[in-house]
file my_file.cif (mmCIF, C-alpha atoms, pLDDT in the B column; chains and numbers go by the auth columns)
data_work
#
loop_
_atom_site.group_PDB
_atom_site.id
_atom_site.type_symbol
_atom_site.label_atom_id
_atom_site.label_comp_id
_atom_site.label_asym_id
_atom_site.label_seq_id
_atom_site.Cartn_x
_atom_site.Cartn_y
_atom_site.Cartn_z
_atom_site.B_iso_or_equiv
_atom_site.auth_seq_id
_atom_site.auth_asym_id
ATOM 1 C CA MET A 1 -11.150 28.250 44.895 40.00 814 A
ATOM 2 C CA ARG A 2 -10.152 30.965 42.440 41.00 815 A
ATOM 3 C CA ALA A 3 -9.077 33.187 45.353 41.00 816 A
ATOM 4 C CA ILE A 4 -6.856 30.395 46.657 33.00 817 A
ATOM 5 C CA ARG A 5 -5.408 29.853 43.190 39.00 818 A
ATOM 6 C CA ASN A 6 -4.752 33.590 42.802 41.00 819 A
ATOM 7 C CA ILE A 7 -2.946 33.644 46.147 32.00 820 A
ATOM 8 C CA GLY A 8 -0.911 30.663 44.994 37.00 821 A
ATOM 9 C CA PHE A 9 0.021 32.466 41.804 33.00 822 A
ATOM 10 C CA ALA A 10 1.006 35.589 43.735 39.00 823 A
ATOM 11 C CA LEU A 11 3.243 33.429 45.916 30.00 824 A
ATOM 12 C CA ALA A 12 4.642 31.782 42.807 37.00 825 A
ATOM 13 C CA LEU A 13 5.622 35.136 41.387 38.00 826 A
ATOM 14 C CA GLY A 14 7.028 36.260 44.722 38.00 827 A
ATOM 15 C CA LEU A 15 9.197 33.171 44.934 32.00 828 A
ATOM 16 C CA ALA A 16 9.990 33.509 41.255 36.00 829 A
ATOM 17 C CA SER A 17 11.669 36.825 41.995 36.00 830 A
ATOM 18 C CA LEU A 18 14.021 34.867 44.240 33.00 831 A
ATOM 19 C CA CYS A 19 14.465 32.072 41.714 39.00 832 A
ATOM 20 C CA VAL A 20 14.824 34.150 38.583 40.00 833 A
ATOM 21 C CA GLY A 21 18.264 35.410 39.564 38.00 834 A
ATOM 22 C CA HIS A 22 19.310 31.776 39.913 40.00 835 A
ATOM 23 C CA ALA A 23 17.480 30.610 36.800 41.00 836 A
ATOM 24 C CA ALA A 24 18.834 33.503 34.760 36.00 837 A
ATOM 25 C CA HIS A 25 22.240 31.840 34.825 40.00 838 A
ATOM 26 C CA ALA A 26 20.671 29.046 32.768 54.00 839 A
ATOM 27 C CA GLN A 27 18.111 31.103 30.894 69.00 840 A
ATOM 28 C CA ARG A 28 18.272 34.495 29.269 74.00 841 A
ATOM 29 C CA VAL A 29 15.595 36.844 30.645 79.00 842 A
ATOM 30 C CA SER A 30 14.565 40.097 28.991 85.00 843 A
ATOM 31 C CA THR A 31 15.617 43.279 30.795 86.00 844 A
ATOM 32 C CA VAL A 32 12.384 45.047 29.779 91.00 845 A
ATOM 33 C CA SER A 33 10.388 46.222 32.798 94.00 846 A
ATOM 34 C CA GLY A 34 6.637 46.391 33.157 95.00 847 A
ATOM 35 C CA GLU A 35 6.791 50.171 32.821 96.00 848 A
ATOM 36 C CA GLU A 36 8.793 49.980 29.587 95.00 849 A
ATOM 37 C CA LEU A 37 6.381 47.432 28.155 95.00 850 A
ATOM 38 C CA ALA A 38 3.390 49.603 29.074 95.00 851 A
ATOM 39 C CA ARG A 39 4.942 52.598 27.304 94.00 852 A
ATOM 40 C CA SER A 40 5.738 50.484 24.263 93.00 853 A
ATOM 41 C CA CYS A 41 2.225 49.062 24.076 93.00 854 A
ATOM 42 C CA ASP A 42 0.687 52.518 24.444 89.00 855 A
ATOM 43 C CA LYS A 43 2.667 54.114 21.613 88.00 856 A
ATOM 44 C CA GLN A 44 1.491 53.459 18.065 87.00 857 A
ATOM 45 C CA SER A 45 4.999 53.460 16.613 87.00 858 A
ATOM 46 C CA ARG A 46 5.889 50.566 18.936 90.00 859 A
ATOM 47 C CA PHE A 47 2.725 48.502 18.569 91.00 860 A
ATOM 48 C CA ALA A 48 4.531 45.911 16.430 93.00 861 A
ATOM 49 C CA ALA A 49 7.225 45.250 19.045 94.00 862 A
ATOM 50 C CA CYS A 50 4.668 45.171 21.874 95.00 863 A
ATOM 51 C CA SER A 51 2.283 42.851 20.042 95.00 864 A
ATOM 52 C CA ALA A 52 5.140 40.552 19.035 96.00 865 A
ATOM 53 C CA TYR A 53 6.382 40.307 22.632 96.00 866 A
ATOM 54 C CA LEU A 54 2.895 39.423 23.886 96.00 867 A
ATOM 55 C CA ALA A 55 2.464 36.885 21.067 95.00 868 A
ATOM 56 C CA GLY A 56 5.781 35.331 22.076 96.00 869 A
ATOM 57 C CA ILE A 57 4.583 35.103 25.685 94.00 870 A
ATOM 58 C CA THR A 58 1.284 33.415 24.800 94.00 871 A
ATOM 59 C CA ASP A 59 2.789 31.140 22.139 93.00 872 A
ATOM 60 C CA GLY A 60 5.628 30.193 24.469 91.00 873 A
ATOM 61 C CA ALA A 61 3.195 29.223 27.212 88.00 874 A
ATOM 62 C CA SER A 62 1.392 26.887 24.822 87.00 875 A
ATOM 63 C CA TRP A 63 4.543 25.180 23.553 88.00 876 A
ATOM 64 C CA SER A 64 5.920 24.939 27.082 85.00 877 A
ATOM 65 C CA GLN A 65 2.833 22.922 28.002 81.00 878 A
ATOM 66 C CA SER A 66 3.280 20.682 24.957 82.00 879 A
ATOM 67 C CA PHE A 67 6.931 20.088 25.818 80.00 880 A
ATOM 68 C CA GLY A 68 6.033 19.103 29.374 74.00 881 A
ATOM 69 C CA LEU A 69 3.321 16.720 28.231 75.00 882 A
ATOM 70 C CA LEU A 70 5.702 15.010 25.813 74.00 883 A
ATOM 71 C CA LEU A 71 8.030 14.300 28.735 68.00 884 A
ATOM 72 C CA GLY A 72 5.216 12.824 30.798 69.00 885 A
ATOM 73 C CA SER A 73 4.617 15.709 33.203 66.00 886 A
ATOM 74 C CA ALA A 74 1.281 17.383 33.902 55.00 887 A
ATOM 75 C CA PRO A 75 2.145 21.088 34.189 59.00 888 A
ATOM 76 C CA SER A 76 -0.469 23.529 35.423 72.00 889 A
ATOM 77 C CA PRO A 77 -1.005 26.271 32.818 81.00 890 A
ATOM 78 C CA ALA A 78 -0.845 29.826 34.147 86.00 891 A
ATOM 79 C CA PHE A 79 -3.571 30.976 31.761 89.00 892 A
ATOM 80 C CA CYS A 80 -5.826 29.722 28.967 89.00 893 A
ATOM 81 C CA ILE A 81 -6.676 32.318 26.325 91.00 894 A
ATOM 82 C CA PRO A 82 -9.558 31.355 23.999 89.00 895 A
ATOM 83 C CA ALA A 83 -8.509 31.020 20.357 86.00 896 A
ATOM 84 C CA GLN A 84 -10.887 33.783 19.241 87.00 897 A
ATOM 85 C CA VAL A 85 -9.247 36.482 21.394 91.00 898 A
ATOM 86 C CA LYS A 86 -7.390 38.979 19.190 91.00 899 A
ATOM 87 C CA GLY A 87 -3.938 40.404 19.763 91.00 900 A
ATOM 88 C CA VAL A 88 -5.281 43.944 20.163 93.00 901 A
ATOM 89 C CA GLN A 89 -7.509 42.720 23.004 95.00 902 A
ATOM 90 C CA ILE A 90 -4.555 41.164 24.798 95.00 903 A
ATOM 91 C CA ARG A 91 -2.516 44.343 24.359 95.00 904 A
ATOM 92 C CA SER A 92 -5.332 46.494 25.755 95.00 905 A
ATOM 93 C CA LEU A 93 -5.844 44.123 28.678 96.00 906 A
ATOM 94 C CA VAL A 94 -2.156 44.082 29.630 97.00 907 A
ATOM 95 C CA VAL A 95 -1.836 47.885 29.410 96.00 908 A
ATOM 96 C CA GLY A 96 -4.933 48.313 31.580 96.00 909 A
ATOM 97 C CA TRP A 97 -3.729 45.749 34.109 97.00 910 A
ATOM 98 C CA LEU A 98 -0.299 47.393 34.414 96.00 911 A
ATOM 99 C CA ALA A 99 -1.970 50.793 34.901 95.00 912 A
ATOM 100 C CA GLY A 100 -3.806 49.376 37.902 96.00 913 A
ATOM 101 C CA HIS A 101 -0.829 47.526 39.409 96.00 914 A
ATOM 102 C CA SER A 102 1.958 50.045 39.956 94.00 915 A
ATOM 103 C CA THR A 103 4.139 47.537 41.811 94.00 916 A
ATOM 104 C CA ALA A 104 4.479 45.537 38.583 94.00 917 A
ATOM 105 C CA LEU A 105 5.938 48.491 36.679 96.00 918 A
ATOM 106 C CA GLY A 106 9.407 48.050 38.151 94.00 919 A
ATOM 107 C CA GLN A 107 9.381 44.267 37.824 92.00 920 A
ATOM 108 C CA PRO A 108 10.260 42.128 34.763 92.00 921 A
ATOM 109 C CA ALA A 109 7.675 42.592 32.020 94.00 922 A
ATOM 110 C CA GLY A 110 7.073 38.858 31.654 93.00 923 A
ATOM 111 C CA ARG A 111 6.099 38.574 35.298 92.00 924 A
ATOM 112 C CA GLY A 112 3.407 41.235 34.959 94.00 925 A
ATOM 113 C CA VAL A 113 2.081 39.804 31.701 95.00 926 A
ATOM 114 C CA PHE A 114 1.732 36.338 33.238 93.00 927 A
ATOM 115 C CA GLN A 115 -0.109 37.768 36.250 93.00 928 A
ATOM 116 C CA ALA A 116 -2.418 39.857 34.041 95.00 929 A
ATOM 117 C CA LEU A 117 -3.287 36.914 31.801 94.00 930 A
ATOM 118 C CA HIS A 118 -3.737 34.597 34.774 91.00 931 A
ATOM 119 C CA ASP A 119 -6.120 37.056 36.435 92.00 932 A
ATOM 120 C CA ASN A 120 -8.245 37.364 33.304 94.00 933 A
ATOM 121 C CA TYR A 121 -7.965 33.956 31.627 92.00 934 A
ATOM 122 C CA THR A 122 -7.856 31.411 34.435 85.00 935 A
ATOM 123 C CA CYS A 123 -7.732 27.805 33.243 82.00 936 A
ATOM 124 C CA PRO A 124 -10.421 25.314 34.269 76.00 937 A
ATOM 125 C CA SER A 125 -9.253 22.333 36.289 65.00 938 A
ATOM 126 C CA GLY A 126 -8.003 19.384 34.293 55.00 939 A
ATOM 127 C CA VAL A 127 -6.993 21.556 31.361 49.00 940 A
ATOM 128 C CA ALA A 128 -3.627 19.810 30.944 48.00 941 A
ATOM 129 C CA SER A 129 -5.314 16.864 29.231 45.00 942 A
ATOM 130 C CA LEU A 130 -7.184 19.296 27.012 48.00 943 A
ATOM 131 C CA TYR A 131 -3.901 20.485 25.549 45.00 944 A
ATOM 132 C CA ALA A 132 -3.168 17.064 24.162 39.00 945 A
ATOM 133 C CA GLU A 133 -6.388 16.943 22.134 41.00 946 A
ATOM 134 C CA ARG A 134 -7.671 20.482 21.591 47.00 947 A
ATOM 135 C CA ARG A 135 -4.766 22.844 22.248 45.00 948 A
ATOM 136 C CA ALA A 136 -6.106 25.675 20.084 37.00 949 A
ATOM 137 C CA GLN A 137 -9.294 25.888 22.123 42.00 950 A
ATOM 138 C CA ALA A 138 -7.430 25.861 25.432 52.00 951 A
ATOM 139 C CA GLN A 139 -4.820 28.415 24.432 66.00 952 A
ATOM 140 C CA ARG A 140 -4.571 31.105 21.801 75.00 953 A
ATOM 141 C CA ILE A 141 -1.692 30.593 19.354 84.00 954 A
ATOM 142 C CA SER A 142 -0.644 33.413 17.037 88.00 955 A
ATOM 143 C CA SER A 143 -1.006 33.017 13.282 89.00 956 A
ATOM 144 C CA LEU A 144 2.661 33.896 12.672 94.00 957 A
ATOM 145 C CA PRO A 145 4.300 31.081 10.647 96.00 958 A
ATOM 146 C CA GLY A 146 7.984 30.244 10.641 97.00 959 A
ATOM 147 C CA LYS A 147 8.563 31.916 7.279 97.00 960 A
ATOM 148 C CA GLY A 148 6.924 35.082 8.611 97.00 961 A
ATOM 149 C CA LEU A 149 9.300 35.134 11.574 98.00 962 A
ATOM 150 C CA VAL A 150 12.302 34.585 9.286 98.00 963 A
ATOM 151 C CA ALA A 151 11.186 37.549 7.163 98.00 964 A
ATOM 152 C CA LEU A 152 10.910 39.770 10.245 97.00 965 A
ATOM 153 C CA CYS A 153 14.315 38.683 11.532 97.00 966 A
ATOM 154 C CA SER A 154 16.001 39.206 8.155 97.00 967 A
ATOM 155 C CA HIS A 155 15.068 42.844 7.456 96.00 968 A
ATOM 156 C CA ASN A 156 15.799 45.988 9.465 96.00 969 A
ATOM 157 C CA ALA A 157 12.167 47.096 9.454 95.00 970 A
ATOM 158 C CA GLY A 158 11.108 43.830 11.064 96.00 971 A
ATOM 159 C CA LEU A 159 13.793 43.621 13.757 97.00 972 A
ATOM 160 C CA PRO A 160 11.730 45.225 16.576 95.00 973 A
ATOM 161 C CA ALA A 161 8.967 42.659 16.047 96.00 974 A
ATOM 162 C CA CYS A 162 11.470 39.809 15.644 97.00 975 A
ATOM 163 C CA ASN A 163 13.290 40.796 18.838 96.00 976 A
ATOM 164 C CA GLY A 164 9.997 41.167 20.690 96.00 977 A
ATOM 165 C CA TYR A 165 8.737 37.738 19.658 97.00 978 A
ATOM 166 C CA LEU A 166 11.966 35.948 20.574 97.00 979 A
ATOM 167 C CA ALA A 167 12.205 37.779 23.922 95.00 980 A
ATOM 168 C CA GLY A 168 8.585 36.951 24.734 95.00 981 A
ATOM 169 C CA THR A 169 9.060 33.269 23.916 94.00 982 A
ATOM 170 C CA MET A 170 12.149 32.960 26.106 93.00 983 A
ATOM 171 C CA ASP A 171 10.577 34.918 28.976 92.00 984 A
ATOM 172 C CA SER A 172 7.502 32.710 28.766 91.00 985 A
ATOM 173 C CA GLU A 173 9.567 29.579 29.338 88.00 986 A
ATOM 174 C CA ILE A 174 10.969 31.081 32.561 86.00 987 A
ATOM 175 C CA TRP A 175 7.608 32.155 33.978 87.00 988 A
ATOM 176 C CA SER A 176 5.845 28.969 32.843 82.00 989 A
ATOM 177 C CA ARG A 177 8.440 26.983 34.763 77.00 990 A
ATOM 178 C CA ASN A 178 8.169 29.052 37.932 77.00 991 A
ATOM 179 C CA PHE A 179 4.375 28.970 37.906 77.00 992 A
ATOM 180 C CA SER A 180 4.038 25.220 37.377 72.00 993 A
ATOM 181 C CA THR A 181 6.727 24.425 39.959 72.00 994 A
ATOM 182 C CA ILE A 182 4.848 26.290 42.685 69.00 995 A
ATOM 183 C CA GLU A 183 1.594 24.695 41.531 66.00 996 A
ATOM 184 C CA GLY A 184 3.099 21.289 42.251 66.00 997 A
ATOM 185 C CA ALA A 185 4.020 19.971 38.787 65.00 998 A
ATOM 186 C CA HIS A 186 7.628 20.625 37.812 65.00 999 A
ATOM 187 C CA ASN A 187 7.636 21.947 34.261 64.00 1000 A
ATOM 188 C CA PRO A 188 10.890 20.923 32.518 63.00 1001 A
ATOM 189 C CA MET A 189 12.891 23.607 30.786 78.00 1002 A
ATOM 190 C CA ALA A 190 12.667 23.128 27.033 87.00 1003 A
ATOM 191 C CA PHE A 191 15.833 25.159 26.601 89.00 1004 A
ATOM 192 C CA CYS A 192 18.410 27.045 28.658 89.00 1005 A
ATOM 193 C CA VAL A 193 19.752 30.050 26.761 92.00 1006 A
ATOM 194 C CA PRO A 194 22.833 31.558 28.473 90.00 1007 A
ATOM 195 C CA LYS A 195 22.104 35.021 29.821 87.00 1008 A
ATOM 196 C CA GLU A 196 25.093 36.532 27.986 89.00 1009 A
ATOM 197 C CA MET A 197 23.615 35.717 24.564 92.00 1010 A
ATOM 198 C CA ARG A 198 22.901 38.841 22.512 93.00 1011 A
ATOM 199 C CA MET A 199 19.695 39.268 20.551 94.00 1012 A
ATOM 200 C CA SER A 200 21.658 39.573 17.301 96.00 1013 A
ATOM 201 C CA GLN A 201 23.172 36.133 17.970 96.00 1014 A
ATOM 202 C CA LEU A 202 19.760 34.640 18.672 96.00 1015 A
ATOM 203 C CA ARG A 203 18.290 36.131 15.504 97.00 1016 A
ATOM 204 C CA ALA A 204 21.114 34.655 13.440 98.00 1017 A
ATOM 205 C CA LEU A 205 20.665 31.282 15.126 98.00 1018 A
ATOM 206 C CA ILE A 206 16.917 31.193 14.445 98.00 1019 A
ATOM 207 C CA VAL A 207 17.279 32.248 10.799 98.00 1020 A
ATOM 208 C CA GLY A 208 20.069 29.702 10.295 98.00 1021 A
ATOM 209 C CA TRP A 209 18.042 26.938 11.938 98.00 1022 A
ATOM 210 C CA TYR A 210 15.090 27.567 9.629 98.00 1023 A
ATOM 211 C CA ALA A 211 17.427 27.444 6.615 97.00 1024 A
ATOM 212 C CA GLY A 212 18.163 23.846 7.554 97.00 1025 A
ATOM 213 C CA HIS A 213 14.585 22.950 8.531 97.00 1026 A
ATOM 214 C CA GLU A 214 12.372 24.013 5.655 95.00 1027 A
ATOM 215 C CA ASP A 215 9.608 21.754 6.959 95.00 1028 A
ATOM 216 C CA ALA A 216 9.125 24.229 9.812 96.00 1029 A
ATOM 217 C CA LEU A 217 8.603 27.306 7.626 97.00 1030 A
ATOM 218 C CA ASN A 218 4.847 26.755 7.345 96.00 1031 A
ATOM 219 C CA GLU A 219 4.399 25.640 10.950 95.00 1032 A
ATOM 220 C CA PRO A 220 3.626 28.010 13.854 94.00 1033 A
ATOM 221 C CA ALA A 221 6.634 30.208 14.598 96.00 1034 A
ATOM 222 C CA GLY A 222 6.605 29.363 18.293 94.00 1035 A
ATOM 223 C CA ARG A 223 7.028 25.692 17.559 94.00 1036 A
ATOM 224 C CA GLY A 224 10.070 26.369 15.387 96.00 1037 A
ATOM 225 C CA VAL A 225 11.630 28.675 17.978 96.00 1038 A
ATOM 226 C CA TYR A 226 11.192 26.016 20.656 94.00 1039 A
ATOM 227 C CA ARG A 227 12.761 23.375 18.418 94.00 1040 A
ATOM 228 C CA ALA A 228 15.666 25.632 17.465 96.00 1041 A
ATOM 229 C CA LEU A 229 16.444 26.692 21.028 95.00 1042 A
ATOM 230 C CA HIS A 230 16.042 23.147 22.348 92.00 1043 A
ATOM 231 C CA ASP A 231 18.412 21.836 19.654 94.00 1044 A
ATOM 232 C CA ASN A 232 21.054 24.457 20.420 95.00 1045 A
ATOM 233 C CA TYR A 233 20.607 25.135 24.148 92.00 1046 A
ATOM 234 C CA PRO A 234 19.309 21.968 25.818 89.00 1047 A
ATOM 235 C CA CYS A 235 19.034 21.934 29.595 83.00 1048 A
ATOM 236 C CA TYR A 236 21.276 19.326 31.150 68.00 1049 A
ATOM 237 C CA ALA A 237 19.420 16.755 33.229 55.00 1050 A
ATOM 238 C CA GLY A 238 20.609 16.223 36.753 41.00 1051 A
ATOM 239 C CA THR A 239 22.180 19.664 37.158 40.00 1052 A
ATOM 240 C CA PRO A 240 20.826 22.624 39.129 40.00 1053 A
ATOM 241 C CA SER A 241 18.820 25.114 37.081 41.00 1054 A
ATOM 242 C CA GLY A 242 21.574 27.674 37.551 41.00 1055 A
ATOM 243 C CA ASP A 243 24.319 25.390 36.220 42.00 1056 A
ATOM 244 C CA ASN A 244 24.029 24.796 32.488 41.00 1057 A
ATOM 245 C CA ARG A 245 27.526 24.107 31.246 38.00 1058 A
#

call {"tool": "encode", "arguments": {"input": "my_file.cif", "output": "structure tokens"}}
result
Amino acid sequence: MRAIRNIGFALALGLASLCVGHAAHAQRVSTVSGEELARSCDKQSRFAACSAYLAGITDGASWSQSFGLLLGSAPSPAFCIPAQVKGVQIRSLVVGWLAGHSTALGQPAGRGVFQALHDNYTCPSGVASLYAERRAQAQRISSLPGKGLVALCSHNAGLPACNGYLAGTMDSEIWSRNFSTIEGAHNPMAFCVPKEMRMSQLRALIVGWYAGHEDALNEPAGRGVYRALHDNYPCYAGTPSGDNR
């Protein structure tokens, strides 16, 4: 069964490479490749940016599931990371996986990360219902609060980590969607950020959103990012994924 599921995921990612060009019109996708991510994660001076990107990926996957459940869908999670797994373990796992999968080095970083996490943290069947009651046990969520993200995004020293977290969260929404669609449960897009948006604009938007939503400062950062992007870049119902006017 796991072999069949792995084949299905490989097909999902193969088809995703066809879809991502189309979806990118409606959703900003990071230009970082698997090779660039591997170098970043293997260099101590870039650990913060690497770890933040991976945290954004894993947090984004969790909130993408929550968003789908709220809308009445039953998306199939790509991976389920136990809450006790540490960020350094995820970083080491991803670097090792990329080293053993050279074809992923030239592909989008998010694609490789999703495949690596899926291979190593496969979800048990029926896990979608588990999210509704015991999300933290079904999926690791970083300890970064909203106020911590605002601090990173407001000071030069924190910008690499801020950029990494935001890029990881947005990439996660793309790959979560592609995975669940191939699995048979269409995962709605929580937000559709235009591909021409610059990271500096997104940072300013997130910081400004938190200034008007102080209740979110002590909540998980991923939740606030999802709320902010959904408020400002909603996906229009009834239009193709590549047409978000």

call {"tool": "closest_residue", "arguments": {"input": "my_file.cif", "among": "A:Cys863, A:Ala874, A:Cys854, A:Leu911", "to": "Cys893 in chain A", "atoms": "all atoms listed in the file"}}
result
A:Ala874

call {"tool": "atom_distance", "arguments": {"input": "my_file.cif", "atom1": "CA of Glu1009 in chain A", "atom2": "CA of Tyr1046 in chain A"}}
result
12.8 Å

call {"tool": "residues_around", "arguments": {"input": "my_file.cif", "residues": "Leu1015 in chain A", "least_positions_apart": "5", "cutoff": "10 Å", "atoms": "all atoms listed in the file", "output": "PDB file with C-alpha atoms, in the coordinates of the input"}}
result
ATOM      1  CA  CYS A 966      14.315  38.683  11.532  1.00 97.00           C
ATOM      2  CA  ASN A 976      13.290  40.796  18.838  1.00 96.00           C
ATOM      3  CA  LEU A 979      11.966  35.948  20.574  1.00 97.00           C
ATOM      4  CA  ALA A 980      12.205  37.779  23.922  1.00 95.00           C
ATOM      5  CA  VAL A1006      19.752  30.050  26.761  1.00 92.00           C
ATOM      6  CA  MET A1010      23.615  35.717  24.564  1.00 92.00           C
ATOM      7  CA  VAL A1020      17.279  32.248  10.799  1.00 98.00           C
ATOM      8  CA  GLY A1021      20.069  29.702  10.295  1.00 98.00           C
ATOM      9  CA  ALA A1041      15.666  25.632  17.465  1.00 96.00           C
ATOM     10  CA  LEU A1042      16.444  26.692  21.028  1.00 95.00           C
TER      11      LEU A1042
END

call {"tool": "atom_distance", "arguments": {"input": "my_file.cif", "atom1": "CA of Trp910 in chain A", "atom2": "CA of Tyr1039 in chain A"}}
result
28.2 Å

call {"tool": "resolve_selection", "arguments": {"input": "my_file.cif", "expression": "the PyMOL selection byres ((chain A and resi 1043-1045) around 10)", "output": "tab-separated table (two decimals) with C-alpha atoms, in the frame of the given file"}}
result
chain	number	residue	atom	x	y	z
A	1002	MET	CA	12.89	23.61	30.79
A	1003	ALA	CA	12.67	23.13	27.03
A	1004	PHE	CA	15.83	25.16	26.60
A	1005	CYS	CA	18.41	27.04	28.66
A	1006	VAL	CA	19.75	30.05	26.76
A	1018	LEU	CA	20.66	31.28	15.13
A	1019	ILE	CA	16.92	31.19	14.44
A	1022	TRP	CA	18.04	26.94	11.94
A	1037	GLY	CA	10.07	26.37	15.39
A	1038	VAL	CA	11.63	28.68	17.98
A	1039	TYR	CA	11.19	26.02	20.66
A	1040	ARG	CA	12.76	23.38	18.42
A	1041	ALA	CA	15.67	25.63	17.46
A	1042	LEU	CA	16.44	26.69	21.03
A	1046	TYR	CA	20.61	25.14	24.15
A	1047	PRO	CA	19.31	21.97	25.82
A	1048	CYS	CA	19.03	21.93	29.60

call {"tool": "residues_around", "arguments": {"input": "my_file.cif", "residues": "range 841-850 of chain A", "least_positions_apart": "2", "cutoff": "7 Å", "atoms": "all atoms listed in the file", "output": "VMD selection string"}}
result
chain A and resid 837 839 852 to 854 863 917 to 922 925 980 983 to 984 1006 to 1008

call {"tool": "resolve_selection", "arguments": {"input": "my_file.cif", "expression": "the PyMOL selection byres ((chain A and resi 969-972) around 12)", "output": "list in words"}}
result
Ser858, Arg859, Ala861, Ala862, Ala865, Gly961, Leu962, Val963, Ala964, Leu965, Cys966, Ser967, His968, Pro973, Ala974, Cys975, Asn976, Gly977, Tyr978, Leu979, Ala980, Met1012, Ser1013, Leu1015, Arg1016 and Ala1017 of chain A

call {"tool": "resolve_selection", "arguments": {"input": "my_file.cif", "expression": "the PyMOL selection byres ((chain A and resi 989) around 8)", "output": "list in words"}}
result
Ala874, Ser877, Pro890, Ala891, Ser985, Glu986, Ile987, Trp988, Arg990, Asn991, Phe992, Ser993 and Asn1000 of chain A

call {"tool": "axis_aligned_box", "arguments": {"input": "my_file.cif", "around": "range 865-868 of chain A", "padding_each_side": "8 Å", "output": "lines of an AutoDock Vina configuration file"}}
result
center_x = 4.4
center_y = 38.7
center_z = 21.5
size_x = 19.9
size_y = 19.7
size_z = 20.9

call {"tool": "residues_around", "arguments": {"input": "my_file.cif", "residues": "Asn1031 in chain A", "least_positions_apart": "6", "cutoff": "8 Å", "atoms": "all atoms listed in the file", "output": "list in words"}}
result
Pro958, Gly959 and Lys960 of chain A

call {"tool": "closest_residue", "arguments": {"input": "my_file.cif", "among": "A:Ala1024, A:Ala851, A:Ala1029, A:Ile954", "to": "Arg904 in chain A", "atoms": "only C-alpha atoms"}}
result
A:Ala851

call {"tool": "residues_near_point", "arguments": {"input": "my_file.cif", "point": "(4.9, 38.0, 23.7)", "cutoff": "7 Å", "atoms": "only C-alpha atoms", "output": "ChimeraX atom specification"}}
result
/A:864-871,977-978,981-982

call {"tool": "closest_residue", "arguments": {"input": "my_file.cif", "among": "A:Phe892, A:Gly909, A:Lys856, A:Gly873", "to": "Cys936 in chain A", "atoms": "all atoms listed in the file"}}
result
A:Phe892

call {"tool": "closest_residue", "arguments": {"input": "my_file.cif", "among": "A:Pro1033, A:Ser955, A:Gln928, A:Gln878", "to": "Lys899 in chain A", "atoms": "all atoms listed in the file"}}
result
A:Ser955

call {"tool": "atom_distance", "arguments": {"input": "my_file.cif", "atom1": "CA of Ala929 in chain A", "atom2": "CA of His914 in chain A"}}
result
9.5 Å
